[in-house]
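protein-v2.cif (mmCIF, C-alpha atoms) appears below.
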data_model
#
loop_
_atom_site.label_atom_id
_atom_site.label_comp_id
_atom_site.auth_asym_id
_atom_site.auth_seq_id
_atom_site.Cartn_x
_atom_site.Cartn_y
_atom_site.Cartn_z
CA MET A 98 -23.25 -29.62 -13.12
CA PRO A 99 -22.93 -26.99 -10.37
CA VAL A 100 -19.61 -25.10 -10.32
CA ILE A 101 -19.15 -26.06 -6.66
CA ASP A 102 -18.72 -29.69 -7.79
CA LEU A 103 -15.34 -28.68 -9.21
CA ALA A 104 -14.16 -28.32 -5.61
CA ASN A 105 -14.06 -32.11 -5.48
CA PRO A 106 -10.55 -33.08 -6.69
CA THR A 107 -11.70 -36.47 -8.04
CA ARG A 108 -14.43 -34.83 -10.14
CA PHE A 109 -11.97 -32.14 -11.20
CA LEU A 110 -9.54 -34.84 -12.38
CA THR A 111 -12.29 -36.49 -14.44
CA ILE A 112 -13.07 -33.18 -16.16
CA VAL A 113 -9.37 -32.43 -16.75
CA ASN A 114 -8.78 -35.88 -18.26
CA ARG A 115 -11.65 -35.26 -20.69
CA ALA A 116 -10.68 -31.65 -21.51
CA LEU A 117 -6.92 -32.05 -22.05
CA PRO A 118 -7.00 -33.94 -25.41
CA TRP A 119 -9.36 -31.28 -26.85
CA LEU A 120 -7.27 -28.43 -25.49
CA ILE A 121 -4.05 -29.94 -26.87
CA THR A 122 -5.66 -30.37 -30.32
CA VAL A 123 -7.10 -26.84 -30.51
CA THR A 124 -3.86 -25.30 -29.16
CA THR A 125 -1.76 -27.15 -31.76
CA ILE A 126 -4.06 -26.07 -34.61
CA LEU A 127 -3.97 -22.45 -33.42
CA PHE A 128 -0.16 -22.49 -33.23
CA VAL A 129 0.12 -23.88 -36.77
CA VAL A 130 -2.26 -21.20 -38.11
CA GLY A 131 -0.69 -18.45 -35.98
CA LEU A 132 2.87 -19.30 -36.99
CA PHE A 133 1.85 -19.46 -40.67
CA TYR A 134 0.36 -15.95 -40.46
CA ALA A 135 3.27 -14.70 -38.33
CA MET A 136 5.93 -15.94 -40.75
CA ASN A 137 4.06 -14.48 -43.72
CA ALA A 138 3.28 -11.15 -42.06
CA PRO A 139 4.78 -8.08 -43.78
CA ASP A 140 7.87 -6.41 -42.37
CA ASP A 141 7.45 -3.27 -40.30
CA TYR A 142 8.48 -0.10 -42.15
CA GLN A 143 10.91 0.82 -39.34
CA GLN A 144 11.87 -2.48 -37.69
CA GLY A 145 11.91 -4.71 -40.76
CA ALA A 146 11.53 -8.45 -40.06
CA ALA A 147 12.48 -7.94 -36.38
CA VAL A 148 8.79 -7.21 -35.78
CA LYS A 149 8.22 -11.00 -35.95
CA ILE A 150 9.63 -11.19 -32.41
CA MET A 151 6.44 -9.40 -31.31
CA PHE A 152 4.40 -12.55 -32.02
CA VAL A 153 6.10 -14.42 -29.16
CA HIS A 154 7.15 -11.50 -26.94
CA VAL A 155 3.75 -9.82 -26.47
CA PRO A 156 1.72 -12.99 -25.67
CA ALA A 157 4.47 -14.07 -23.23
CA ALA A 158 4.24 -10.69 -21.47
CA TRP A 159 0.45 -10.92 -21.19
CA LEU A 160 0.63 -14.47 -19.83
CA GLY A 161 3.38 -13.62 -17.36
CA MET A 162 0.98 -11.08 -15.88
CA LEU A 163 -2.06 -13.35 -16.24
CA GLY A 164 -0.23 -16.04 -14.28
CA TRP A 165 0.30 -13.69 -11.35
CA GLY A 166 -3.33 -12.51 -11.57
CA LEU A 167 -4.45 -16.13 -11.39
CA MET A 168 -2.18 -16.72 -8.39
CA SER A 169 -3.68 -13.68 -6.65
CA VAL A 170 -7.24 -14.94 -7.12
CA ALA A 171 -6.13 -18.40 -5.97
CA ALA A 172 -4.46 -16.78 -2.95
CA LEU A 173 -7.81 -15.31 -1.91
CA GLY A 174 -9.30 -18.79 -2.25
CA THR A 175 -6.52 -20.22 -0.08
CA LEU A 176 -6.56 -17.57 2.65
CA VAL A 177 -10.26 -16.61 2.80
CA TRP A 178 -12.31 -19.59 1.63
CA ARG A 179 -9.73 -22.39 2.05
CA HIS A 180 -10.94 -23.83 -1.23
CA PRO A 181 -9.35 -27.28 -1.77
CA LEU A 182 -8.25 -26.49 -5.30
CA ALA A 183 -7.21 -22.87 -4.75
CA ASP A 184 -3.74 -23.68 -3.44
CA VAL A 185 -3.33 -26.33 -6.14
CA ALA A 186 -4.20 -23.70 -8.80
CA GLY A 187 -1.82 -21.11 -7.30
CA LYS A 188 1.06 -23.55 -7.04
CA ALA A 189 0.46 -24.75 -10.62
CA ALA A 190 0.39 -21.22 -12.06
CA ALA A 191 3.73 -20.19 -10.51
CA PRO A 192 6.21 -22.15 -12.70
CA ILE A 193 4.13 -21.52 -15.85
CA GLY A 194 3.88 -17.78 -15.21
CA ALA A 195 7.59 -17.64 -14.39
CA ALA A 196 8.43 -19.41 -17.67
CA PHE A 197 6.36 -16.95 -19.73
CA THR A 198 7.85 -13.96 -17.87
CA PHE A 199 11.32 -15.34 -18.61
CA ILE A 200 10.40 -15.74 -22.31
CA CYS A 201 9.08 -12.15 -22.32
CA LEU A 202 12.30 -10.75 -20.85
CA VAL A 203 14.66 -12.72 -23.12
CA THR A 204 12.71 -12.13 -26.35
CA GLY A 205 12.23 -8.47 -25.40
CA SER A 206 15.96 -8.15 -24.94
CA LEU A 207 16.57 -9.81 -28.33
CA TRP A 208 14.03 -7.43 -29.90
CA GLY A 209 15.53 -4.41 -28.15
CA ARG A 210 19.04 -4.83 -29.58
CA PRO A 211 18.10 -4.34 -33.28
CA THR A 212 15.31 -1.78 -32.62
CA TRP A 213 16.63 0.30 -29.69
CA GLY A 214 20.34 -0.49 -30.03
CA THR A 215 20.55 -2.10 -26.59
CA TYR A 216 19.63 -5.39 -24.94
CA TRP A 217 18.58 -3.79 -21.66
CA VAL A 218 17.81 -0.47 -20.02
CA TRP A 219 16.59 0.09 -16.46
CA ASP A 220 13.35 1.73 -17.55
CA ALA A 221 10.11 1.27 -15.63
CA ARG A 222 8.49 -1.38 -17.88
CA LEU A 223 11.56 -3.61 -18.15
CA THR A 224 12.46 -3.26 -14.48
CA SER A 225 8.90 -3.95 -13.24
CA MET A 226 8.80 -7.05 -15.46
CA LEU A 227 12.12 -8.22 -13.99
CA VAL A 228 10.65 -7.63 -10.51
CA LEU A 229 7.73 -9.89 -11.52
CA LEU A 230 10.17 -12.69 -12.43
CA ILE A 231 11.98 -12.27 -9.09
CA LEU A 232 8.61 -12.41 -7.29
CA TYR A 233 7.79 -15.63 -9.15
CA PHE A 234 11.12 -17.11 -7.97
CA GLY A 235 10.18 -16.06 -4.42
CA VAL A 236 6.83 -17.86 -4.58
CA LEU A 237 8.44 -20.96 -6.09
CA ALA A 238 11.05 -20.96 -3.33
CA LEU A 239 8.30 -20.78 -0.69
CA TYR A 240 6.44 -23.72 -2.26
CA TRP A 241 9.52 -25.86 -2.82
CA THR A 242 11.33 -25.27 0.47
CA ALA A 243 8.44 -25.38 2.99
CA GLU A 244 8.67 -28.49 5.19
CA GLU A 245 4.92 -28.40 5.82
CA PRO A 246 2.97 -27.79 2.55
CA GLY A 247 0.14 -25.86 4.25
CA ARG A 248 2.55 -23.33 5.76
CA GLY A 249 4.30 -22.88 2.39
CA ALA A 250 0.93 -22.38 0.69
CA ARG A 251 -0.14 -19.64 3.12
CA ALA A 252 3.19 -17.80 2.79
CA ALA A 253 3.03 -18.09 -1.01
CA ALA A 254 -0.57 -16.82 -0.99
CA ILE A 255 0.41 -13.75 1.05
CA LEU A 256 3.33 -13.01 -1.29
CA SER A 257 0.99 -13.48 -4.29
CA LEU A 258 -1.42 -10.86 -2.93
CA VAL A 259 1.36 -8.42 -2.03
CA GLY A 260 3.03 -8.93 -5.41
CA ALA A 261 -0.25 -8.14 -7.22
CA VAL A 262 0.60 -4.48 -6.60
CA ASN A 263 3.24 -4.89 -9.32
CA LEU A 264 0.65 -5.73 -12.02
CA PRO A 265 -0.80 -2.19 -12.47
CA ILE A 266 2.75 -0.84 -12.20
CA ILE A 267 3.78 -3.02 -15.17
CA LYS A 268 0.67 -2.11 -17.15
CA PHE A 269 0.79 1.67 -16.59
CA SER A 270 4.57 2.09 -16.26
CA VAL A 271 4.74 3.27 -19.89
CA ASP A 272 2.14 5.98 -19.13
CA TRP A 273 3.38 7.07 -15.70
CA TRP A 274 7.08 7.34 -16.58
CA ASN A 275 9.13 8.30 -19.60
CA THR A 276 10.27 4.89 -20.85
CA LEU A 277 12.21 3.54 -23.81
CA HIS A 278 9.52 0.84 -24.07
CA GLN A 279 6.64 1.90 -26.30
CA PRO A 280 3.20 2.66 -24.79
CA ALA A 281 0.24 0.26 -25.14
CA SER A 282 -0.60 -0.33 -28.79
CA VAL A 283 -3.10 -3.22 -28.79
CA PHE A 284 -5.56 -2.70 -25.92
CA ARG A 285 -5.91 1.07 -25.60
CA ILE A 286 -8.63 3.73 -25.65
CA GLY A 287 -9.14 4.70 -29.27
CA GLY A 288 -8.32 1.24 -30.65
CA SER A 289 -5.18 -0.58 -31.66
CA THR A 290 -2.43 1.34 -33.47
CA ILE A 291 -1.12 -1.83 -35.13
CA ASP A 292 -1.96 -2.53 -38.77
CA PRO A 293 -4.37 -5.48 -39.20
CA ALA A 294 -1.70 -7.33 -41.24
CA LEU A 295 0.35 -7.57 -38.03
CA LEU A 296 -2.49 -7.43 -35.49
CA ILE A 297 -4.35 -10.53 -36.76
CA PRO A 298 -1.31 -12.89 -36.47
CA LEU A 299 -0.57 -11.36 -33.06
CA LEU A 300 -4.10 -12.07 -31.79
CA ILE A 301 -4.05 -15.64 -33.16
CA MET A 302 -0.67 -16.28 -31.50
CA ALA A 303 -1.96 -14.69 -28.27
CA LEU A 304 -4.98 -17.02 -28.30
CA ALA A 305 -2.71 -20.03 -29.00
CA PHE A 306 -0.38 -19.09 -26.13
CA THR A 307 -3.37 -18.51 -23.81
CA LEU A 308 -4.74 -21.97 -24.60
CA LEU A 309 -1.23 -23.39 -24.06
CA PHE A 310 -1.21 -21.72 -20.65
CA ALA A 311 -4.66 -23.18 -19.84
CA THR A 312 -3.55 -26.66 -20.99
CA LEU A 313 -0.37 -26.54 -18.91
CA GLN A 314 -2.26 -25.11 -15.93
CA LEU A 315 -4.77 -27.99 -15.92
CA ALA A 316 -2.03 -30.60 -16.47
CA VAL A 317 0.14 -29.22 -13.65
CA MET A 318 -2.91 -29.06 -11.35
CA ARG A 319 -3.60 -32.73 -12.14
CA ASN A 320 0.01 -33.60 -11.26
CA GLU A 321 -0.22 -31.65 -8.02
CA ILE A 322 -3.42 -33.44 -6.96
CA LEU A 323 -1.74 -36.80 -7.65
CA ARG A 324 1.36 -35.65 -5.70
CA ARG A 325 -0.83 -34.82 -2.69
CA ARG A 326 -2.50 -38.22 -2.91
CA VAL A 327 0.94 -39.85 -2.92
CA ARG A 328 1.90 -37.82 0.17
CA THR A 329 -1.33 -38.79 1.98
CA MET A 330 -0.85 -42.47 1.15
CA ARG A 331 2.79 -42.41 2.27
CA LEU A 332 1.71 -40.87 5.59
CA MET A 333 -0.92 -43.62 5.97
CA GLN A 334 1.72 -46.24 5.13
CA ALA A 335 4.03 -44.76 7.78
CA GLN A 336 1.22 -44.76 10.35
CA GLU A 337 0.39 -48.39 9.58
CA LEU A 338 4.06 -49.34 9.94
CA ALA A 339 4.31 -47.40 13.23
CA GLY A 340 1.13 -49.15 14.52
CA ALA A 341 2.49 -52.57 13.62
CA THR A 342 5.68 -52.14 15.65
CA MET B 138 10.86 -15.74 -46.26
CA ASN B 139 13.70 -13.25 -45.86
CA LEU B 140 14.46 -12.33 -42.24
CA GLY B 141 16.87 -9.57 -43.25
CA PRO B 142 19.88 -8.35 -41.28
CA HIS B 143 18.31 -9.20 -37.90
CA ALA B 144 17.71 -12.88 -38.66
CA ASP B 145 19.94 -14.01 -35.76
CA PHE B 146 17.82 -12.10 -33.23
CA ILE B 147 14.53 -13.42 -34.66
CA VAL B 148 15.73 -17.04 -34.75
CA ALA B 149 17.17 -16.75 -31.23
CA ALA B 150 13.88 -15.35 -29.87
CA TYR B 151 11.83 -18.21 -31.37
CA ALA B 152 14.44 -20.80 -30.30
CA VAL B 153 14.35 -19.61 -26.68
CA THR B 154 10.54 -19.69 -26.70
CA ILE B 155 10.42 -23.21 -28.16
CA PHE B 156 13.08 -24.43 -25.72
CA VAL B 157 11.29 -23.06 -22.62
CA VAL B 158 7.86 -24.32 -23.72
CA ALA B 159 9.32 -27.74 -24.60
CA ALA B 160 11.02 -27.91 -21.19
CA LEU B 161 7.70 -27.07 -19.47
CA VAL B 162 5.82 -29.73 -21.46
CA ALA B 163 8.53 -32.34 -20.77
CA TRP B 164 8.45 -31.55 -17.04
CA VAL B 165 4.63 -31.90 -16.97
CA VAL B 166 4.63 -35.21 -18.88
CA LEU B 167 7.49 -36.75 -16.85
CA ASP B 168 6.01 -35.59 -13.55
CA TYR B 169 2.62 -37.07 -14.48
CA SER B 170 4.07 -40.48 -15.31
CA ALA B 171 6.19 -40.40 -12.11
CA GLN B 172 3.18 -39.61 -9.89
CA ARG B 173 1.06 -42.29 -11.62
CA ARG B 174 3.85 -44.85 -11.11
CA VAL B 175 4.26 -44.09 -7.40
CA LEU B 176 0.47 -44.13 -6.85
CA GLY B 177 0.28 -47.50 -8.60
CA ASP B 178 3.07 -48.90 -6.41
CA LEU B 179 1.37 -47.67 -3.22
CA GLU B 180 -2.00 -49.12 -4.26
CA GLU B 181 -0.34 -52.45 -5.10
CA SER B 182 1.14 -52.55 -1.62
CA GLY B 183 -2.40 -52.33 -0.19
CA ILE B 184 -2.46 -48.66 0.80
CA THR B 185 -5.80 -47.02 -0.05
CA ARG B 186 -7.14 -43.56 0.68
CA ARG B 187 -10.13 -43.17 3.01
CA SER B 188 -12.37 -42.04 0.12
CA GLN B 189 -11.45 -45.20 -1.83
CA ARG B 190 -12.33 -47.36 1.18
CA LYS B 191 -15.73 -45.64 1.48
CA ALA B 192 -16.36 -46.13 -2.24
CA GLY B 193 -15.46 -49.81 -1.93
CA ARG B 194 -17.87 -50.41 0.94
#

As a first step, turn the structure in this file into structure tokens.
Amino acid sequence: MPVIDLANPTRFLTIVNRALPWLITVTTILFVVGLFYAMNAPDDYQQGAAVKIMFVHVPAAWLGMLGWGLMSVAALGTLVWRHPLADVAGKAAAPIGAAFTFICLVTGSLWGRPTWGTYWVWDARLTSMLVLLILYFGVLALYWTAEEPGRGARAAAILSLVGAVNLPIIKFSVDWWNTLHQPASVFRIGGSTIDPALLIPLLIMALAFTLLFATLQLAVMRNEILRRRVRTMRLMQAQELAGAT
Amino acid sequence: MNLGPHADFIVAAYAVTIFVVAALVAWVVLDYSAQRRVLGDLEESGITRRSQRKAGR
């Protein structure tokens, strides 16, 4: 089937309805395996068992950023190509990305207290991540408060593209500035600095969280398509009623 | 499994994660059933989209 066929919402819904049960199954299995490995992973020689927070904090951070990346690509689709599903994808990614960014900030804070001695510092990585959460709230506010959905979608798309500037700032903040947050230790030139005993559970959990994101993204997109159908049908109902009087 | 002196922080981090993910899943499931219900009601009242009318022709 050509990729362009996915632009048809009805066909997209058919594919989503088929894919979701498989995605839910694989995600659940990966979480069971990932959590088993995570709970049985050895303690860190400095942090002790507190290193287990990494298995939820790091994937949440990646997905918080991935969500905004997805919204930026969708924003191009909305503004440039006016793709019918682009706005649906952008709107769906916003609450999911915001939730993962929130998880990242809270679990990071809970990890920071035993390892750094503080819940929060205004260093570049933590602050840029907080800015990302505030940007997410901004996009959600634009979607939820716009009287005309198209106008809200365009404003949200513009904010998504502008906010994409924050993604490299988050990523490289630990290299550009002197931060309390540690530098990159998984994806870096020269290979990961994490021992395989901790890296393997982390990667399994990251894959599980990524599939969870994909599952939620497709499910929220499905809901959004149905919501737009409801809106269209209500408008038609109103027109019919107005014509009858 | 011994979580050591920082057990409270570890448990709290996992609890927050589970709570937020569960809230997201609940919102998605409830929203889906709500949209399906409203669509069903509209279709029962005789309202059909243009594409459905074309398909029915």

> Given a cut-off of 6 Å, which residues of chain B touch chain A, counting only C-alpha atoms, written out as number ranges by chain?
Replying inline: B: 140, 146-147, 150, 154, 169, 176

> Could you spell out the hits of the PyMOL selection byres ((chain A and resi 266-279) around 6) on the shown file, as JSON, numbers by chain?
Replying inline: {"A": [220, 221, 222, 225, 263, 264, 265, 280]}

>> Using Å and a single decimal, report how far atom CA of A:Pro246 sits from atom CA of B:Ile184.
In response: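 Atom CA of A:Pro246 lies at a distance of 21.6 Å from atom CA of B:Ile184.
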
> Between A:Gly247, A:Pro156, A:Gly235, A:Gly260, which one has atoms that come closest to A:Thr198, using only C-alpha atoms?
Replying inline: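 Once distances to A:Thr198 are computed over only C-alpha atoms, the minimum belongs to A:Pro156.
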
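The space separating atom CA of B:Val165 from atom CA of A:Val129 comes to 21.8 Å.
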